[in-house]
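Trainee: Sharing a structure with you now.
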Amino acid sequence: MGKRNEIEVEIMKILTDYTEEIAQEVEAAANKRAKEAVKTLKATSPRSKVNHPHYGDGWTVKKQKSGGRLEVTIYNRTKPHLTHLLEYGYLKKGGTRVKGRPHITPVQEQLNRDFAADCEEIIKNT
């Protein structure tokens, strides 16, 4: 029975190392893709012609780790109240509608595709 326990311990050690390695690589991929998404959002967000801080300049990344889970949030720090209005449009006083300018959804869809491909590649190569 002693030899069996040694094998079990060794297998658990190998699996733990493998899991930690994958988690580190996935975290690095998430950070890389989040930075790329912020860069794209800064470049493609609508810009005002008025001389004040631009909505597009406010995009940033917030990373939070808890319980072995990584959460990466991309948000607009300076003008968060504009994201929904600019993305989907809004009704003006008098009933006329301002069309939305989708700039978040395309970036999100591309980010999801790229990150999923990164994760598949990490698992294949590890």
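Every chain in the structure tokens has a letter given in the order shown (A, B, ...), and although residue numbers restart at 1 in each chain, ligands are simply numbered from 1 in the order shown.
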List as an MDAnalysis selection string the protein and nucleic acid residues near range 36-52 of chain A, meaning an atom at most 12 Å away when only C-alpha atoms are counted, but skip any in the same chain fewer than 6 places from it.
Mentor: chainID A and resid 29:30 58:62 72:79 82:83 85:87 100:112 114:115
Trainee: Residues of chain A classed as strand (DSSP E or B) by DSSP on the backbone are to be reported as a PyMOL selection string.
Mentor: chain A and resi 59-66+69-76+89-91+97-99
Trainee: Please, what distance in Å, to one decimal, runs between CA of Asn5 in chain A and CA of Thr126 in chain A?
Mentor: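 Atom-to-atom, CA of Asn5 in chain A and CA of Thr126 in chain A are spaced 26.2 Å apart.
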Trainee: Give me the residues within 10 Å of Gly68 in chain A as a compact mmCIF listing (two decimals) with N, CA, C and O atoms, in the first residue's frame, counting only C-alpha atoms and dropping any in the same chain fewer than 3 places off.
Mentor:
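File part08.txt, as written:
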# COMPACT_ATOMS: atom_id res chain seq x y z
N ALA A 23 -2.78 28.00 -15.68
CA ALA A 23 -3.39 29.19 -15.09
C ALA A 23 -2.51 30.42 -15.31
O ALA A 23 -3.03 31.50 -15.62
N LYS A 65 -8.16 39.37 -8.56
CA LYS A 65 -7.99 37.94 -8.33
C LYS A 65 -8.58 37.60 -6.98
O LYS A 65 -8.29 38.25 -5.98
N GLU A 71 -10.47 38.00 -12.71
CA GLU A 71 -11.53 38.76 -13.38
C GLU A 71 -10.89 40.01 -13.98
O GLU A 71 -10.26 40.79 -13.28
